[in-house]
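*Asks:* Contents are mmCIF, C-alpha atoms, pLDDT in the B column; chains and numbers go by the auth columns; file name run_4.cif:
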```
data_start
#
loop_
_atom_site.group_PDB
_atom_site.id
_atom_site.type_symbol
_atom_site.label_atom_id
_atom_site.label_comp_id
_atom_site.label_asym_id
_atom_site.label_seq_id
_atom_site.Cartn_x
_atom_site.Cartn_y
_atom_site.Cartn_z
_atom_site.B_iso_or_equiv
_atom_site.auth_seq_id
_atom_site.auth_asym_id
ATOM 1 C CA MET A 1 82.010 56.807 114.045 46.00 1 T
ATOM 2 C CA LEU A 2 79.843 57.392 111.002 53.00 2 T
ATOM 3 C CA GLU A 3 81.040 55.669 107.890 66.00 3 T
ATOM 4 C CA ARG A 4 80.216 58.169 105.236 77.00 4 T
ATOM 5 C CA ILE A 5 81.953 61.129 103.667 88.00 5 T
ATOM 6 C CA ALA A 6 79.444 63.651 102.343 90.00 6 T
ATOM 7 C CA ILE A 7 79.650 64.710 98.697 94.00 7 T
ATOM 8 C CA LEU A 8 78.164 68.184 98.295 95.00 8 T
ATOM 9 C CA ARG A 9 77.010 69.648 95.027 92.00 9 T
ATOM 10 C CA MET A 10 77.971 73.266 94.455 91.00 10 T
ATOM 11 C CA GLY A 11 76.863 74.402 91.038 89.00 11 T
ATOM 12 C CA GLU A 12 78.906 72.490 88.474 92.00 12 T
ATOM 13 C CA PHE A 13 81.383 71.273 91.080 96.00 13 T
ATOM 14 C CA LEU A 14 81.350 68.679 93.829 97.00 14 T
ATOM 15 C CA LEU A 15 82.892 69.249 97.233 96.00 15 T
ATOM 16 C CA VAL A 16 84.199 66.511 99.486 95.00 16 T
ATOM 17 C CA SER A 17 85.377 67.450 102.964 93.00 17 T
ATOM 18 C CA ILE A 18 87.441 64.710 104.549 92.00 18 T
ATOM 19 C CA GLN A 19 87.175 64.834 108.324 87.00 19 T
ATOM 20 C CA VAL A 20 87.687 61.247 109.387 83.00 20 T
ATOM 21 C CA ASP A 21 90.612 58.852 109.271 79.00 21 T
ATOM 22 C CA MET A 22 90.241 57.312 105.833 81.00 22 T
ATOM 23 C CA HIS A 23 90.883 53.601 106.082 82.00 23 T
ATOM 24 C CA ASP A 24 90.849 51.280 103.098 82.00 24 T
ATOM 25 C CA ARG A 25 87.119 50.550 102.892 86.00 25 T
ATOM 26 C CA LEU A 26 86.068 54.176 103.343 88.00 26 T
ATOM 27 C CA ALA A 27 88.497 55.356 100.638 88.00 27 T
ATOM 28 C CA THR A 28 87.136 52.767 98.190 89.00 28 T
ATOM 29 C CA ARG A 29 83.585 53.738 99.046 91.00 29 T
ATOM 30 C CA LEU A 30 84.329 57.434 98.518 93.00 30 T
ATOM 31 C CA GLN A 31 85.970 56.717 95.154 93.00 31 T
ATOM 32 C CA ASP A 32 82.932 54.686 94.110 94.00 32 T
ATOM 33 C CA GLU A 33 80.282 57.147 95.310 94.00 33 T
ATOM 34 C CA LEU A 34 82.138 60.132 93.875 96.00 34 T
ATOM 35 C CA ALA A 35 82.414 58.487 90.440 96.00 35 T
ATOM 36 C CA HIS A 36 78.660 57.857 90.427 96.00 36 T
ATOM 37 C CA GLU A 37 77.937 61.383 91.627 95.00 37 T
ATOM 38 C CA ILE A 38 80.120 62.901 88.877 96.00 38 T
ATOM 39 C CA VAL A 39 78.151 61.010 86.248 96.00 39 T
ATOM 40 C CA ARG A 40 74.774 61.706 87.872 95.00 40 T
ATOM 41 C CA THR A 41 75.325 65.456 88.285 95.00 41 T
ATOM 42 C CA ARG A 42 77.593 65.891 85.206 95.00 42 T
ATOM 43 C CA ALA A 43 80.005 67.727 87.490 96.00 43 T
ATOM 44 C CA ARG A 44 83.045 69.299 85.807 95.00 44 T
ATOM 45 C CA GLY A 45 85.236 69.549 88.857 96.00 45 T
ATOM 46 C CA VAL A 46 85.857 68.066 92.282 97.00 46 T
ATOM 47 C CA LEU A 47 87.198 69.898 95.338 97.00 47 T
ATOM 48 C CA ILE A 48 88.641 67.729 98.079 96.00 48 T
ATOM 49 C CA ASP A 49 89.056 69.587 101.344 95.00 49 T
ATOM 50 C CA VAL A 50 91.565 68.211 103.857 93.00 50 T
ATOM 51 C CA SER A 51 91.682 71.175 106.248 92.00 51 T
ATOM 52 C CA ALA A 52 90.415 69.016 109.114 90.00 52 T
ATOM 53 C CA LEU A 53 93.287 66.543 108.739 90.00 53 T
ATOM 54 C CA ASP A 54 96.310 66.930 111.010 89.00 54 T
ATOM 55 C CA THR A 55 98.113 64.175 109.161 86.00 55 T
ATOM 56 C CA LEU A 56 98.069 63.003 105.571 86.00 56 T
ATOM 57 C CA ASP A 57 99.988 59.783 105.122 84.00 57 T
ATOM 58 C CA SER A 58 101.066 57.998 101.953 84.00 58 T
ATOM 59 C CA PHE A 59 97.981 55.761 102.083 86.00 59 T
ATOM 60 C CA ILE A 60 95.586 58.717 101.970 88.00 60 T
ATOM 61 C CA ALA A 61 97.769 60.440 99.358 87.00 61 T
ATOM 62 C CA ARG A 62 97.482 57.360 97.137 87.00 62 T
ATOM 63 C CA ALA A 63 93.723 57.144 97.749 90.00 63 T
ATOM 64 C CA LEU A 64 93.346 60.808 96.757 91.00 64 T
ATOM 65 C CA ALA A 65 95.484 60.282 93.649 90.00 65 T
ATOM 66 C CA ASN A 66 93.225 57.360 92.665 90.00 66 T
ATOM 67 C CA ILE A 67 90.161 59.525 93.140 92.00 67 T
ATOM 68 C CA ALA A 68 91.691 62.258 90.963 93.00 68 T
ATOM 69 C CA LEU A 69 92.495 59.710 88.269 91.00 69 T
ATOM 70 C CA THR A 70 88.988 58.259 88.324 93.00 70 T
ATOM 71 C CA SER A 71 87.495 61.752 88.143 93.00 71 T
ATOM 72 C CA SER A 72 89.682 62.738 85.194 92.00 72 T
ATOM 73 C CA LEU A 73 88.487 59.651 83.295 93.00 73 T
ATOM 74 C CA LEU A 74 84.984 61.006 83.856 95.00 74 T
ATOM 75 C CA ASP A 75 86.052 64.430 82.556 93.00 75 T
ATOM 76 C CA ALA A 76 86.196 66.174 85.924 95.00 76 T
ATOM 77 C CA GLU A 77 89.228 68.038 87.273 93.00 77 T
ATOM 78 C CA THR A 78 90.266 67.490 90.892 95.00 78 T
ATOM 79 C CA VAL A 79 91.762 70.096 93.201 96.00 79 T
ATOM 80 C CA LEU A 80 92.977 69.362 96.715 95.00 80 T
ATOM 81 C CA VAL A 81 92.354 72.282 99.085 96.00 81 T
ATOM 82 C CA GLY A 82 93.063 73.220 102.675 94.00 82 T
ATOM 83 C CA ILE A 83 96.349 71.426 103.294 94.00 83 T
ATOM 84 C CA GLN A 84 97.542 72.583 106.713 92.00 84 T
ATOM 85 C CA PRO A 85 101.046 74.098 106.875 93.00 85 T
ATOM 86 C CA ALA A 86 102.315 71.326 109.173 92.00 86 T
ATOM 87 C CA VAL A 87 100.876 68.705 106.828 92.00 87 T
ATOM 88 C CA ALA A 88 102.563 70.298 103.807 92.00 88 T
ATOM 89 C CA ILE A 89 105.922 70.270 105.608 91.00 89 T
ATOM 90 C CA THR A 90 105.504 66.628 106.618 88.00 90 T
ATOM 91 C CA LEU A 91 104.546 65.623 103.072 88.00 91 T
ATOM 92 C CA VAL A 92 107.762 67.178 101.763 88.00 92 T
ATOM 93 C CA GLU A 93 109.904 65.709 104.544 88.00 93 T
ATOM 94 C CA MET A 94 108.493 62.236 103.985 86.00 94 T
ATOM 95 C CA GLY A 95 108.738 62.550 100.225 85.00 95 T
ATOM 96 C CA VAL A 96 105.049 61.782 99.732 83.00 96 T
ATOM 97 C CA GLN A 97 103.993 62.630 96.191 80.00 97 T
ATOM 98 C CA LEU A 98 100.553 63.985 95.384 81.00 98 T
ATOM 99 C CA GLU A 99 100.652 62.767 91.803 76.00 99 T
ATOM 100 C CA GLY A 100 98.075 64.145 89.403 75.00 100 T
ATOM 101 C CA LEU A 101 96.629 66.378 92.095 86.00 101 T
ATOM 102 C CA ARG A 102 96.443 70.135 91.792 92.00 102 T
ATOM 103 C CA THR A 103 96.365 71.977 95.080 94.00 103 T
ATOM 104 C CA ALA A 104 94.915 75.299 96.186 95.00 104 T
ATOM 105 C CA LEU A 105 94.955 77.187 99.474 94.00 105 T
ATOM 106 C CA ASN A 106 91.226 77.019 100.172 93.00 106 T
ATOM 107 C CA VAL A 107 87.830 76.268 98.622 93.00 107 T
ATOM 108 C CA ASP A 108 87.479 79.742 97.102 92.00 108 T
ATOM 109 C CA ARG A 109 90.865 79.545 95.356 94.00 109 T
ATOM 110 C CA GLY A 110 90.184 75.955 94.315 95.00 110 T
ATOM 111 C CA MET A 111 86.934 76.982 92.649 94.00 111 T
ATOM 112 C CA ASP A 112 88.736 79.793 90.822 94.00 112 T
ATOM 113 C CA MET A 113 91.314 77.254 89.630 94.00 113 T
ATOM 114 C CA LEU A 114 88.615 74.895 88.366 94.00 114 T
ATOM 115 C CA ARG A 115 86.779 77.718 86.577 94.00 115 T
ATOM 116 C CA GLU A 116 90.001 78.793 84.851 93.00 116 T
ATOM 117 C CA ALA A 117 90.764 75.215 83.822 89.00 117 T
ATOM 118 C CA LEU A 118 87.262 74.866 82.376 88.00 118 T
ATOM 119 C CA ALA A 119 87.509 78.181 80.540 89.00 119 T
ATOM 120 C CA GLU A 120 90.830 77.074 78.987 86.00 120 T
ATOM 121 C CA THR A 121 89.318 73.777 77.892 81.00 121 T
ATOM 122 C CA ALA A 122 86.368 75.630 76.377 80.00 122 T
ATOM 123 C CA SER A 123 88.582 78.118 74.510 81.00 123 T
ATOM 124 C CA SER A 124 90.927 75.433 73.141 79.00 124 T
ATOM 125 C CA ALA A 125 87.883 73.448 72.025 72.00 125 T
ATOM 126 C CA GLY A 126 86.710 76.640 70.305 68.00 126 T
ATOM 127 C CA GLU A 127 90.066 76.918 68.512 63.00 127 T
ATOM 128 C CA LEU A 128 89.712 73.377 67.273 58.00 128 T
ATOM 129 C CA ASP A 129 86.244 74.166 65.970 57.00 129 T
ATOM 130 C CA GLU A 130 87.583 77.170 64.096 54.00 130 T
ATOM 131 C CA ALA A 131 90.474 75.204 62.553 49.00 131 T
ATOM 132 C CA MET B 1 88.368 59.689 115.333 46.00 132 D
ATOM 133 C CA LEU B 2 89.499 63.191 114.528 53.00 133 D
ATOM 134 C CA GLU B 3 88.078 65.845 116.774 65.00 134 D
ATOM 135 C CA ARG B 4 87.526 68.651 114.387 77.00 135 D
ATOM 136 C CA ILE B 5 84.739 69.780 112.108 88.00 136 D
ATOM 137 C CA ALA B 6 86.079 71.783 109.165 90.00 137 D
ATOM 138 C CA ILE B 7 84.720 75.276 108.527 94.00 138 D
ATOM 139 C CA LEU B 8 85.069 76.133 104.843 95.00 139 D
ATOM 140 C CA ARG B 9 84.951 79.626 103.434 92.00 140 D
ATOM 141 C CA MET B 10 82.951 79.992 100.245 91.00 141 D
ATOM 142 C CA GLY B 11 82.825 83.617 99.164 89.00 142 D
ATOM 143 C CA GLU B 12 80.808 85.498 101.769 92.00 143 D
ATOM 144 C CA PHE B 13 79.469 82.309 103.329 96.00 144 D
ATOM 145 C CA LEU B 14 80.871 79.609 105.573 97.00 145 D
ATOM 146 C CA LEU B 15 80.126 75.924 105.088 96.00 146 D
ATOM 147 C CA VAL B 16 80.190 73.350 107.837 95.00 147 D
ATOM 148 C CA SER B 17 79.705 69.712 106.912 93.00 148 D
ATOM 149 C CA ILE B 18 78.898 67.570 109.929 92.00 149 D
ATOM 150 C CA GLN B 19 80.048 64.014 109.394 87.00 150 D
ATOM 151 C CA VAL B 20 80.757 62.760 112.889 83.00 151 D
ATOM 152 C CA ASP B 21 78.626 62.063 115.926 79.00 152 D
ATOM 153 C CA MET B 22 78.543 65.424 117.649 81.00 153 D
ATOM 154 C CA HIS B 23 78.995 64.945 121.346 82.00 154 D
ATOM 155 C CA ASP B 24 78.894 67.747 123.853 82.00 155 D
ATOM 156 C CA ARG B 25 82.505 68.918 123.650 86.00 156 D
ATOM 157 C CA LEU B 26 82.650 68.855 119.860 88.00 157 D
ATOM 158 C CA ALA B 27 79.418 70.859 119.578 89.00 158 D
ATOM 159 C CA THR B 28 80.755 73.510 121.958 89.00 159 D
ATOM 160 C CA ARG B 29 84.039 73.665 120.060 91.00 160 D
ATOM 161 C CA LEU B 30 82.237 74.047 116.725 93.00 161 D
ATOM 162 C CA GLN B 31 80.054 76.843 118.133 92.00 162 D
ATOM 163 C CA ASP B 32 83.164 78.596 119.425 93.00 163 D
ATOM 164 C CA GLU B 33 85.283 78.200 116.279 94.00 164 D
ATOM 165 C CA LEU B 34 82.415 79.165 114.003 96.00 165 D
ATOM 166 C CA ALA B 35 81.741 82.354 115.974 96.00 166 D
ATOM 167 C CA HIS B 36 85.393 83.353 115.651 96.00 167 D
ATOM 168 C CA GLU B 37 85.437 82.471 111.962 95.00 168 D
ATOM 169 C CA ILE B 38 82.319 84.576 111.289 96.00 169 D
ATOM 170 C CA VAL B 39 84.010 87.581 112.860 96.00 170 D
ATOM 171 C CA ARG B 40 87.368 86.916 111.196 95.00 171 D
ATOM 172 C CA THR B 41 85.959 86.465 107.684 94.00 172 D
ATOM 173 C CA ARG B 42 82.970 88.848 108.118 94.00 173 D
ATOM 174 C CA ALA B 43 80.793 86.052 106.734 96.00 174 D
ATOM 175 C CA ARG B 44 77.139 86.923 106.132 95.00 175 D
ATOM 176 C CA GLY B 45 75.784 83.390 106.149 96.00 176 D
ATOM 177 C CA VAL B 46 76.452 79.893 107.422 96.00 177 D
ATOM 178 C CA LEU B 47 75.470 76.644 105.713 97.00 178 D
ATOM 179 C CA ILE B 48 75.380 73.567 107.914 96.00 179 D
ATOM 180 C CA ASP B 49 75.305 70.347 105.909 95.00 180 D
ATOM 181 C CA VAL B 50 73.974 67.247 107.641 93.00 181 D
ATOM 182 C CA SER B 51 73.652 64.968 104.591 92.00 182 D
ATOM 183 C CA ALA B 52 76.133 62.497 106.094 90.00 183 D
ATOM 184 C CA LEU B 53 74.010 62.041 109.225 90.00 184 D
ATOM 185 C CA ASP B 54 71.654 59.063 109.407 89.00 185 D
ATOM 186 C CA THR B 55 70.240 60.304 112.669 86.00 186 D
ATOM 187 C CA LEU B 56 69.702 63.742 114.139 86.00 187 D
ATOM 188 C CA ASP B 57 68.635 63.617 117.750 84.00 188 D
ATOM 189 C CA SER B 58 67.321 66.334 120.035 84.00 189 D
ATOM 190 C CA PHE B 59 70.825 66.971 121.405 86.00 190 D
ATOM 191 C CA ILE B 60 72.246 67.772 117.974 88.00 191 D
ATOM 192 C CA ALA B 61 69.113 69.763 117.099 87.00 192 D
ATOM 193 C CA ARG B 62 69.652 71.903 120.200 87.00 193 D
ATOM 194 C CA ALA B 63 73.363 72.311 119.418 90.00 194 D
ATOM 195 C CA LEU B 64 72.504 73.451 115.882 91.00 195 D
ATOM 196 C CA ALA B 65 69.881 75.867 117.219 90.00 196 D
ATOM 197 C CA ASN B 66 72.514 77.345 119.559 90.00 197 D
ATOM 198 C CA ILE B 67 74.920 77.735 116.657 92.00 198 D
ATOM 199 C CA ALA B 68 72.236 79.501 114.610 93.00 199 D
ATOM 200 C CA LEU B 69 71.473 81.828 117.513 91.00 200 D
ATOM 201 C CA THR B 70 75.146 82.673 118.023 92.00 201 D
ATOM 202 C CA SER B 71 75.575 83.325 114.303 93.00 202 D
ATOM 203 C CA SER B 72 72.543 85.603 114.170 92.00 203 D
ATOM 204 C CA LEU B 73 73.999 87.684 117.015 92.00 204 D
ATOM 205 C CA LEU B 74 77.042 88.094 114.785 94.00 205 D
ATOM 206 C CA ASP B 75 74.814 89.159 111.884 93.00 206 D
ATOM 207 C CA ALA B 76 75.060 85.892 109.923 95.00 207 D
ATOM 208 C CA GLU B 77 72.061 83.841 108.751 93.00 208 D
ATOM 209 C CA THR B 78 72.154 80.072 109.204 95.00 209 D
ATOM 210 C CA VAL B 79 70.640 77.506 106.848 96.00 210 D
ATOM 211 C CA LEU B 80 70.565 73.779 107.544 95.00 211 D
ATOM 212 C CA VAL B 81 70.955 71.746 104.360 96.00 212 D
ATOM 213 C CA GLY B 82 70.947 68.107 103.290 94.00 213 D
ATOM 214 C CA ILE B 83 68.516 66.600 105.797 94.00 214 D
ATOM 215 C CA GLN B 84 67.949 63.012 104.667 92.00 215 D
ATOM 216 C CA PRO B 85 64.312 61.962 104.053 93.00 216 D
ATOM 217 C CA ALA B 86 64.447 59.346 106.837 92.00 217 D
ATOM 218 C CA VAL B 87 65.891 61.935 109.222 92.00 218 D
ATOM 219 C CA ALA B 88 63.141 64.433 108.361 92.00 219 D
ATOM 220 C CA ILE B 89 60.478 61.801 109.075 91.00 220 D
ATOM 221 C CA THR B 90 62.084 60.850 112.387 88.00 221 D
ATOM 222 C CA LEU B 91 62.339 64.514 113.437 88.00 222 D
ATOM 223 C CA VAL B 92 58.608 64.955 112.852 88.00 223 D
ATOM 224 C CA GLU B 93 57.689 61.666 114.554 88.00 224 D
ATOM 225 C CA MET B 94 59.775 62.504 117.608 86.00 225 D
ATOM 226 C CA GLY B 95 58.520 66.092 117.707 85.00 226 D
ATOM 227 C CA VAL B 96 62.049 67.518 117.565 83.00 227 D
ATOM 228 C CA GLN B 97 61.929 71.237 116.797 80.00 228 D
ATOM 229 C CA LEU B 98 64.586 72.951 114.721 81.00 229 D
ATOM 230 C CA GLU B 99 63.936 76.348 116.265 76.00 230 D
ATOM 231 C CA GLY B 100 65.388 79.370 114.515 75.00 231 D
ATOM 232 C CA LEU B 101 66.815 77.216 111.760 86.00 232 D
ATOM 233 C CA ARG B 102 65.917 77.640 108.116 92.00 233 D
ATOM 234 C CA THR B 103 66.316 74.522 106.025 94.00 234 D
ATOM 235 C CA ALA B 104 67.061 73.929 102.346 95.00 235 D
ATOM 236 C CA LEU B 105 67.321 70.777 100.244 94.00 236 D
ATOM 237 C CA ASN B 106 71.016 71.083 99.404 93.00 237 D
ATOM 238 C CA VAL B 107 73.986 73.458 99.424 93.00 238 D
ATOM 239 C CA ASP B 108 73.025 75.093 96.123 92.00 239 D
ATOM 240 C CA ARG B 109 69.495 75.888 97.322 94.00 240 D
ATOM 241 C CA GLY B 110 70.818 76.984 100.708 95.00 241 D
ATOM 242 C CA MET B 111 73.156 79.477 99.049 94.00 242 D
ATOM 243 C CA ASP B 112 70.274 80.824 96.963 94.00 243 D
ATOM 244 C CA MET B 113 68.248 81.225 100.164 94.00 244 D
ATOM 245 C CA LEU B 114 71.085 83.109 101.883 94.00 245 D
ATOM 246 C CA ARG B 115 71.597 85.388 98.869 94.00 246 D
ATOM 247 C CA GLU B 116 67.879 86.224 98.810 92.00 247 D
ATOM 248 C CA ALA B 117 67.875 86.934 102.550 89.00 248 D
ATOM 249 C CA LEU B 118 70.873 89.245 102.139 88.00 249 D
ATOM 250 C CA ALA B 119 69.284 91.039 99.180 89.00 250 D
ATOM 251 C CA GLU B 120 66.112 91.614 101.234 86.00 251 D
ATOM 252 C CA THR B 121 68.119 92.990 104.141 81.00 252 D
ATOM 253 C CA ALA B 122 69.988 95.285 101.769 79.00 253 D
ATOM 254 C CA SER B 123 66.804 96.583 100.125 81.00 254 D
ATOM 255 C CA SER B 124 64.974 97.178 103.421 79.00 255 D
ATOM 256 C CA ALA B 125 68.053 99.014 104.696 72.00 256 D
ATOM 257 C CA GLY B 126 67.857 101.100 101.536 67.00 257 D
ATOM 258 C CA GLU B 127 64.216 101.939 102.293 63.00 258 D
ATOM 259 C CA LEU B 128 65.150 103.087 105.778 58.00 259 D
ATOM 260 C CA ASP B 129 67.826 105.332 104.317 57.00 260 D
ATOM 261 C CA GLU B 130 65.300 106.883 101.963 54.00 261 D
ATOM 262 C CA ALA B 131 62.704 107.477 104.719 49.00 262 D
#
```
Would you mind writing the file's structure down as structure tokens?
*Replies:*
Amino acid sequence: MLERIAILRMGEFLLVSIQVDMHDRLATRLQDELAHEIVRTRARGVLIDVSALDTLDSFIARALANIALTSSLLDAETVLVGIQPAVAITLVEMGVQLEGLRTALNVDRGMDMLREALAETASSAGELDEA
Amino acid sequence: MLERIAILRMGEFLLVSIQVDMHDRLATRLQDELAHEIVRTRARGVLIDVSALDTLDSFIARALANIALTSSLLDAETVLVGIQPAVAITLVEMGVQLEGLRTALNVDRGMDMLREALAETASSAGELDEA
């Protein structure tokens, strides 16, 4: 098994597609590499795709929440995309919280969500400038 | 190890990020699923990201070439993106051919390449109409 999760640059966003069981070390490494990549590329948003995952346990949920928190400190929004129906049902049944994580159906919708969030930030910043 | 490679829809393109050792069965499954996804989504291009791979042997090269060939039969262009420098050097040293595969530095450049290819197809089709 390869021990790397690719971080892809797509315009002003970064895309991470999680396709392996994320154990402790790999989650920490992803968090670390993603933080550096956000700074290096000045990315404004992060899309985390989990469509390849058949299960999403509380450990991964916490790891993803940590990643979202780190990203927000670096001024990047995080959207979780591609949650499978069965995974969504299990998350609810098990009471797993995806704190601080927005979700969208797929990458396309997630990118729309990020663009809207950025546009809102820009317009409210504009209002402040005018005040 | 999870036995699935996610296929992500991004507008009119599909993105596949290969992050696991692709053995025979997984390569066949990817080829199959991608073909169905191209038809289902009417995608015009496929981006295959290999930035997570430290090695790319002749088996994977052949699998990727087969995927590109299948896609082209379904009227979708394929671009291979994210080849690591060390991988590129090894491919040349070992004489591995990436037949029928265009390559681009990263996802952004790959998407530009696909858009240009589509624009060319559209304009040459226009010329035929005028003739």
*Asks:* The PyMOL selection byres ((chain D) within 9 of (chain T)) - which residues does that actually catch in the file I just gave you? List them as number ranges by chain.
*Replies:* D: 132-142, 148-152, 180-185, 213, 237-239
*Asks:* What gap, in Å, lies between atom CA of Ala194 of chain D and atom CA of Leu232 of chain D?
*Replies:*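 Going from atom CA of Ala194 of chain D over to atom CA of Leu232 of chain D, I get 11.2 Å.
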*Asks:* Quick one: pull the distance between atom CA of Ser254 of chain D and atom CA of Ser203 of chain D, Å, one decimal.
*Replies:*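 Atom-to-atom, atom CA of Ser254 of chain D and atom CA of Ser203 of chain D are spaced 18.7 Å apart.
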*Asks:* Applied to this file, what does the PyMOL selection byres ((chain D and resi 157-171) around 8) return in terms of residues, put as a list in words?
*Replies:* Glu134, Arg135, Ile136, Ile138, Leu145, Met153, His154, Asp155, Arg156, Thr172, Arg173, Ala174, Arg175, Ile191, Ala194, Asn197, Ile198, Thr201, Ser202, Leu205 and Ala207 of chain D
*Asks:* Provide the atom CA of Val96 of chain T to atom CA of Ala61 of chain T distance in Å, to one decimal place.
*Replies:*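 Rounded to one decimal, the two atoms are 7.4 Å apart.
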*Asks:* Do you know which residues the PyMOL selection byres ((chain D and resi 245-249) around 9) returns on this file, as a VMD selection string?
*Replies:* chain D and resid 144 175 to 178 208 to 210 240 to 244 250 to 254
*Asks:* Just the residues within 8 Å of segment 89-95 of chain T, please, counting only C-alpha atoms, with nothing from its chain fewer than 3 positions along; format it as a PDB file with C-alpha atoms, in the coordinates of the input.
*Replies:*
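This is the output file out.pdb:
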```
ATOM      1  CA  LEU T  56      98.069  63.003 105.571  1.00 86.00           C
ATOM      2  CA  ASP T  57      99.988  59.783 105.122  1.00 84.00           C
ATOM      3  CA  PRO T  85     101.046  74.098 106.875  1.00 93.00           C
ATOM      4  CA  ALA T  86     102.315  71.326 109.173  1.00 92.00           C
TER       5      ALA T  86
END
```
*Asks:* Name the closest residue to Gln228 of chain D among the candidates D:Val212, D:Leu204, D:Ile179, D:Ala196; distances are taken between atoms, counting all atoms listed in the file.
*Replies:*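 That would be D:Ala196, the residue with the smallest distance to Gln228 of chain D.
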